[in-house]
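Working notes, beginning with the structure itself.
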Amino acid sequence: MPGLAASLHSPERTKLGGYDFYREVLGSPKYVVAPMVDQSELAWRKLSRKYGAQLVYTPMINAKMFAQDMRRQYREQAFNTTFGEEGGPEDRPLIVQFCANDPEQLLVSARAVEGYCDAVDVNLGCPQDIARRGHYGSFLQDEWDLIYNLINTLHRNLNVPVTAKFRVFSTVEKTVEYAKMLERAGAQILTCHGRTREQRGHKSGLADWEKIRAVKEAVSVPVFANGNILFHSDIERCLKATGADAVMSAEGNLYNPAIFCAADPFVSTSGPASSSSSPSSGPTSGSDAVSLLSEYLTGMHPRCTQLAREYLAIVKSQRTPTAPSAVKGHLFKLLRPALGKEKDLREQLGRARIDKNDDSVALTRYGEIVDELNKRMERDEIATEGKDPGSLVVTDGPTGLPVLPHWLVQPYFRPLPPADSDATKGKASVENAAAREPVSAMAEVAPGTPSSDVATLSGKRSVTERAPDPEEDGRRDQGKRVKLETVEGLALQSE
Ligand SMILES: Cc1cc2nc3c(=O)[nH]c(=O)nc-3n(C[C@H](O)[C@H](O)[C@H](O)COP(=O)(O)O)c2cc1C
């Protein structure tokens with residue numbers, strides 16, 4: 001690569017780093033939307049910002065493919081600057097994430113986007129098999145020299161700072177040593193996902209906030225805490241337990257993009273009045289409901305169809321295309337509780353065809369389904385007018401977490417692995433970290449795969465699993481797309 005060797009030795013540029021960068025360029029964000037393949041795309045970023053996100057990451061981009069000129073299609077799919085929207089004024093602050101195992105390729109790719117973002121992040125956390133095969137993400141975790149070079153190359157040569165997102169090791173000591181190495185290499189923000197590389201799929205379990213706290217105490221750059229955020233109330237708990245500068249949310253944000261917004265105490269959690277739902281585990285008694293509400297529901301939970309419509313409107317208003325598979329993935333997650341009641345519409349959404357040549361066909365169909373669902377949600381809401389919102393919240397049996405009326409966005413939680421499995425080894429420390437507060441946990445998963453694990457008020461745990469779930473149809477379509485792209489060498493896999 002001509003010129004690269006010389007530029008690697010060029011004197012360090014003056015750019016803000018660490019807390020100066022965090023404060024002056026990023027505006028001291030506390031609420032951060034995670035990088036999510038096929039899900040933290042431009043339209044979603046806009047919706048998330050509207051509801052309180054202060055910093056957003058792009059989905060992970062494969063630096064090797066992005067660096068290659070002939071991969072024009074991949075570049076456009078991954079980060080499309082043609083229309084001035086992606087990385088434009090409404091899309092900031094923004095951090096673009098890459099996975100890489102070659103410092104030169106990473107630098108070429110990072111240079112192509114540095115004018116459109118505030119920093120470039122290196123993904124050191126992806127635990128998926130695709131990352132093992134591609135030799136990136138958490139599979140670099142044992143190659144510290146290579147990781148140092150990846151980060152240091154960007155640190156020395158890029159006009160914007162470099163940051164890193166990583167998973168913890170099984171011991172606090174190694175995790176801290178690793179974080180310090182990332183800082184020495186030049187990372188200006190560290191995002192610590194409190195799960196180990198082995199904690200994935202059905203073994204996701206809980207993130208260990210104590211390890212995040214240890215990292216925070218050991219480094220001088222800002223630290224973002226990632227993992228165990230289901231409800232708005234988890235955010236403060238996490239910040240307190242870890243001492244982190246910000247909380248990063250992935251699945252919590254996907255199921256409720258308003259997760260960062262505090263509820264208006266004088267309205268119900270949703271804004272509009274709530275109503276009765278068919279409880280999964282029976283209605284909560286008056287006093288239990290009140291305590292559940294104050295315990296968890298300190299955040300905003302808008303009507304799901306309202307958010308779906310806002311999201312679709314953003315998609316339509318943009319000139320930058322949004323992959324229909326991403327749209328479908330978002331709709332299934334946003335509308336999950338409502339679609340659980342309206343199975344015919346869930347089926348219709350699953351069956352809605354994606355026309356590779358004409359995105360508007362799928363968008364129109366999605367819009368029709370959301371409109372019909374909205375009518376039915378209005379009907380359900382009106383039917384319960386005048387009821388005490390607290391009485392509408394029910395308790396999920398295995399987890400003890402609150403289940404809201406089905407027209408409201410809310411986290412999707414599933415049980416944790418058995419107590420003696422690898423995935424729950426951090427359980428005790430999470431409980432400590434949370435100062436015996438209830439903790440929610442989410443899994444790190446492939447695109448479009450809903451998952452969350454929960455730890456509960458009562459300490460009851462249950463087991464994470466992947467399937468079956470109502471998004472099966474949507475995922476199948478997404479799966480097709482991923483397969484297609486893999487065939488073309490355009491895989492956009494995530495963790
Ligand atoms: C759909 C989806 C896609 C993801 N893609 C990425 C990615 O591109 N890069 C990355 O570093 N992590 C990715 N992750 C992992 C999340 O950023 C995050 O570390 C993980 O989900 C734990 O956070 P949570 O408990 O808030 O979900 C992804 C997660 C999900 C659910």
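Going through the structure tokens in order, the chains are called A, B, and so on, while each chain numbers its residues from 1 and the ligands are numbered from 1 in the order shown.
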May I have the residues within 9 Å of Val160 of chain A as a tab-separated table (two decimals) with C-alpha atoms, in the first residue's frame, using only C-alpha atoms and disregarding those fewer than 3 positions away in the same chain?
```tsv
chain	number	residue	atom	x	y	z
A	15	LYS	CA	-6.24	15.76	18.45
A	16	LEU	CA	-8.17	15.66	21.65
A	114	GLU	CA	-12.76	9.71	9.50
A	115	GLY	CA	-14.32	12.80	7.93
A	117	CYS	CA	-17.47	10.48	12.37
A	118	ASP	CA	-16.04	11.51	15.71
A	119	ALA	CA	-13.99	8.41	16.38
A	120	VAL	CA	-13.27	4.96	15.02
A	154	LEU	CA	-5.05	4.35	14.17
A	155	HIS	CA	-3.91	6.34	17.19
A	157	ASN	CA	-2.29	8.11	11.94
```
Which residues are near Leu107 of chain A? Cut-off 12 Å, only C-alpha atoms, ignore same chain within fewer than 5 positions. Put them as a VMD selection string. chain A and resid 1 3 to 5 7 to 8 63 to 64 66 to 67 98 to 102 112 to 114 120 to 122 149 to 160 162
Take the residues from that selection and write them out as an mmCIF file, in the first residue's frame, keeping N, CA and C atoms.
```
data_model
loop_
_atom_site.group_PDB
_atom_site.id
_atom_site.type_symbol
_atom_site.label_atom_id
_atom_site.label_comp_id
_atom_site.auth_asym_id
_atom_site.auth_seq_id
_atom_site.Cartn_x
_atom_site.Cartn_y
_atom_site.Cartn_z
ATOM 1 N N MET A 1 0.840 -1.183 0.000
ATOM 2 C CA MET A 1 0.000 0.000 0.000
ATOM 3 C C MET A 1 0.886 1.248 0.000
ATOM 4 N N GLY A 3 2.757 4.589 0.374
ATOM 5 C CA GLY A 3 2.649 5.720 1.289
ATOM 6 C C GLY A 3 2.324 5.344 2.722
ATOM 7 N N LEU A 4 1.833 4.116 2.895
ATOM 8 C CA LEU A 4 1.382 3.777 4.237
ATOM 9 C C LEU A 4 2.541 3.695 5.225
ATOM 10 N N ALA A 5 3.629 3.021 4.810
ATOM 11 C CA ALA A 5 4.748 2.853 5.733
ATOM 12 C C ALA A 5 5.250 4.218 6.200
ATOM 13 N N SER A 7 3.600 7.045 6.293
ATOM 14 C CA SER A 7 2.650 7.755 7.129
ATOM 15 C C SER A 7 2.604 7.176 8.539
ATOM 16 N N LEU A 8 2.906 5.894 8.656
ATOM 17 C CA LEU A 8 2.894 5.289 9.975
ATOM 18 C C LEU A 8 3.915 5.949 10.886
ATOM 19 N N ALA A 63 -13.268 -4.285 7.995
ATOM 20 C CA ALA A 63 -12.246 -3.372 7.441
ATOM 21 C C ALA A 63 -11.598 -3.946 6.190
ATOM 22 N N LYS A 64 -11.449 -5.240 6.142
ATOM 23 C CA LYS A 64 -10.794 -5.857 4.986
ATOM 24 C C LYS A 64 -11.621 -5.628 3.722
ATOM 25 N N PHE A 66 -14.073 -3.410 3.362
ATOM 26 C CA PHE A 66 -14.291 -1.978 3.156
ATOM 27 C C PHE A 66 -13.078 -1.329 2.494
ATOM 28 N N ALA A 67 -11.900 -1.890 2.773
ATOM 29 C CA ALA A 67 -10.659 -1.299 2.252
ATOM 30 C C ALA A 67 -10.496 -1.548 0.759
ATOM 31 N N PHE A 98 -15.167 -0.856 13.303
ATOM 32 C CA PHE A 98 -14.614 -1.841 12.367
ATOM 33 C C PHE A 98 -14.179 -3.090 13.122
ATOM 34 N N CYS A 99 -14.212 -4.216 12.411
ATOM 35 C CA CYS A 99 -13.457 -5.377 12.874
ATOM 36 C C CYS A 99 -12.287 -5.519 11.910
ATOM 37 N N ALA A 100 -11.177 -5.971 12.412
ATOM 38 C CA ALA A 100 -9.975 -6.054 11.565
ATOM 39 C C ALA A 100 -8.946 -6.952 12.219
ATOM 40 N N ASN A 101 -8.017 -7.433 11.390
ATOM 41 C CA ASN A 101 -6.853 -8.123 11.956
ATOM 42 C C ASN A 101 -5.583 -7.685 11.249
ATOM 43 N N ASP A 102 -5.714 -6.638 10.447
ATOM 44 C CA ASP A 102 -4.568 -6.135 9.695
ATOM 45 C C ASP A 102 -4.517 -4.615 9.855
ATOM 46 N N ALA A 112 -11.097 6.349 5.301
ATOM 47 C CA ALA A 112 -12.216 6.619 4.393
ATOM 48 C C ALA A 112 -13.423 7.183 5.138
ATOM 49 N N VAL A 113 -13.529 6.928 6.447
ATOM 50 C CA VAL A 113 -14.706 7.411 7.189
ATOM 51 C C VAL A 113 -14.376 8.505 8.195
ATOM 52 N N GLU A 114 -13.106 8.813 8.380
ATOM 53 C CA GLU A 114 -12.763 9.714 9.499
ATOM 54 C C GLU A 114 -13.386 11.102 9.354
ATOM 55 N N VAL A 120 -13.167 6.288 15.630
ATOM 56 C CA VAL A 120 -13.273 4.963 15.023
ATOM 57 C C VAL A 120 -13.033 3.931 16.125
ATOM 58 N N ASP A 121 -13.939 2.950 16.187
ATOM 59 C CA ASP A 121 -13.862 1.933 17.234
ATOM 60 C C ASP A 121 -13.374 0.614 16.648
ATOM 61 N N VAL A 122 -12.618 -0.107 17.449
ATOM 62 C CA VAL A 122 -12.168 -1.435 17.019
ATOM 63 C C VAL A 122 -12.940 -2.477 17.821
ATOM 64 N N ASN A 149 -1.046 -3.168 17.885
ATOM 65 C CA ASN A 149 -0.734 -2.564 16.581
ATOM 66 C C ASN A 149 -1.953 -1.999 15.882
ATOM 67 N N LEU A 150 -3.056 -2.720 15.962
ATOM 68 C CA LEU A 150 -4.293 -2.227 15.319
ATOM 69 C C LEU A 150 -4.658 -0.866 15.907
ATOM 70 N N ILE A 151 -4.689 -0.805 17.218
ATOM 71 C CA ILE A 151 -5.115 0.435 17.872
ATOM 72 C C ILE A 151 -4.070 1.530 17.698
ATOM 73 N N ASN A 152 -2.821 1.147 17.881
ATOM 74 C CA ASN A 152 -1.763 2.158 17.832
ATOM 75 C C ASN A 152 -1.611 2.757 16.427
ATOM 76 N N THR A 153 -1.853 1.950 15.418
ATOM 77 C CA THR A 153 -1.777 2.450 14.049
ATOM 78 C C THR A 153 -2.816 3.542 13.826
ATOM 79 N N LEU A 154 -4.019 3.316 14.308
ATOM 80 C CA LEU A 154 -5.048 4.349 14.175
ATOM 81 C C LEU A 154 -4.724 5.541 15.078
ATOM 82 N N HIS A 155 -4.233 5.252 16.251
ATOM 83 C CA HIS A 155 -3.908 6.342 17.188
ATOM 84 C C HIS A 155 -2.877 7.287 16.564
ATOM 85 N N ARG A 156 -1.895 6.720 15.890
ATOM 86 C CA ARG A 156 -0.810 7.557 15.357
ATOM 87 C C ARG A 156 -1.145 8.195 14.011
ATOM 88 N N ASN A 157 -2.107 7.649 13.312
ATOM 89 C CA ASN A 157 -2.293 8.108 11.936
ATOM 90 C C ASN A 157 -3.646 8.710 11.587
ATOM 91 N N LEU A 158 -4.587 8.565 12.480
ATOM 92 C CA LEU A 158 -5.931 9.045 12.156
ATOM 93 C C LEU A 158 -6.154 10.452 12.710
ATOM 94 N N ASN A 159 -6.993 11.199 12.056
ATOM 95 C CA ASN A 159 -7.302 12.545 12.556
ATOM 96 C C ASN A 159 -8.334 12.538 13.681
ATOM 97 N N VAL A 160 -9.002 11.410 13.829
ATOM 98 C CA VAL A 160 -9.958 11.300 14.936
ATOM 99 C C VAL A 160 -9.448 10.214 15.899
ATOM 100 N N VAL A 162 -9.156 6.894 18.355
ATOM 101 C CA VAL A 162 -9.542 5.492 18.238
ATOM 102 C C VAL A 162 -10.072 5.040 19.588
#
```
DSSP on the backbone: which residues in segment 159-380 of chain A end up as helix (DSSP H, G or I)? Give the answer as a PyMOL selection string. chain A and resi 172-185+201-203+209-218+232-242+251-255+286-296+304-317+324-334+336-341+343-351+359-380
Nearest candidate to ligand 1 (options A:Pro127, A:Pro35, A:Gly400, A:Gly299; using only C-alpha atoms and all ligand atoms):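 So, comparing all the options, the nearest one is A:Pro35.
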How many Å lie between atom CA of Ser360 of chain A and atom CA of Asn80 of chain A, rounded to one decimal? 18.6 Å
I need the residues in segment 48-221 of chain A that are strand (DSSP E) according to DSSP; give them as a PyMOL selection string. chain A and resi 55-57+61-62+94-99+119-124+162-167+187-193
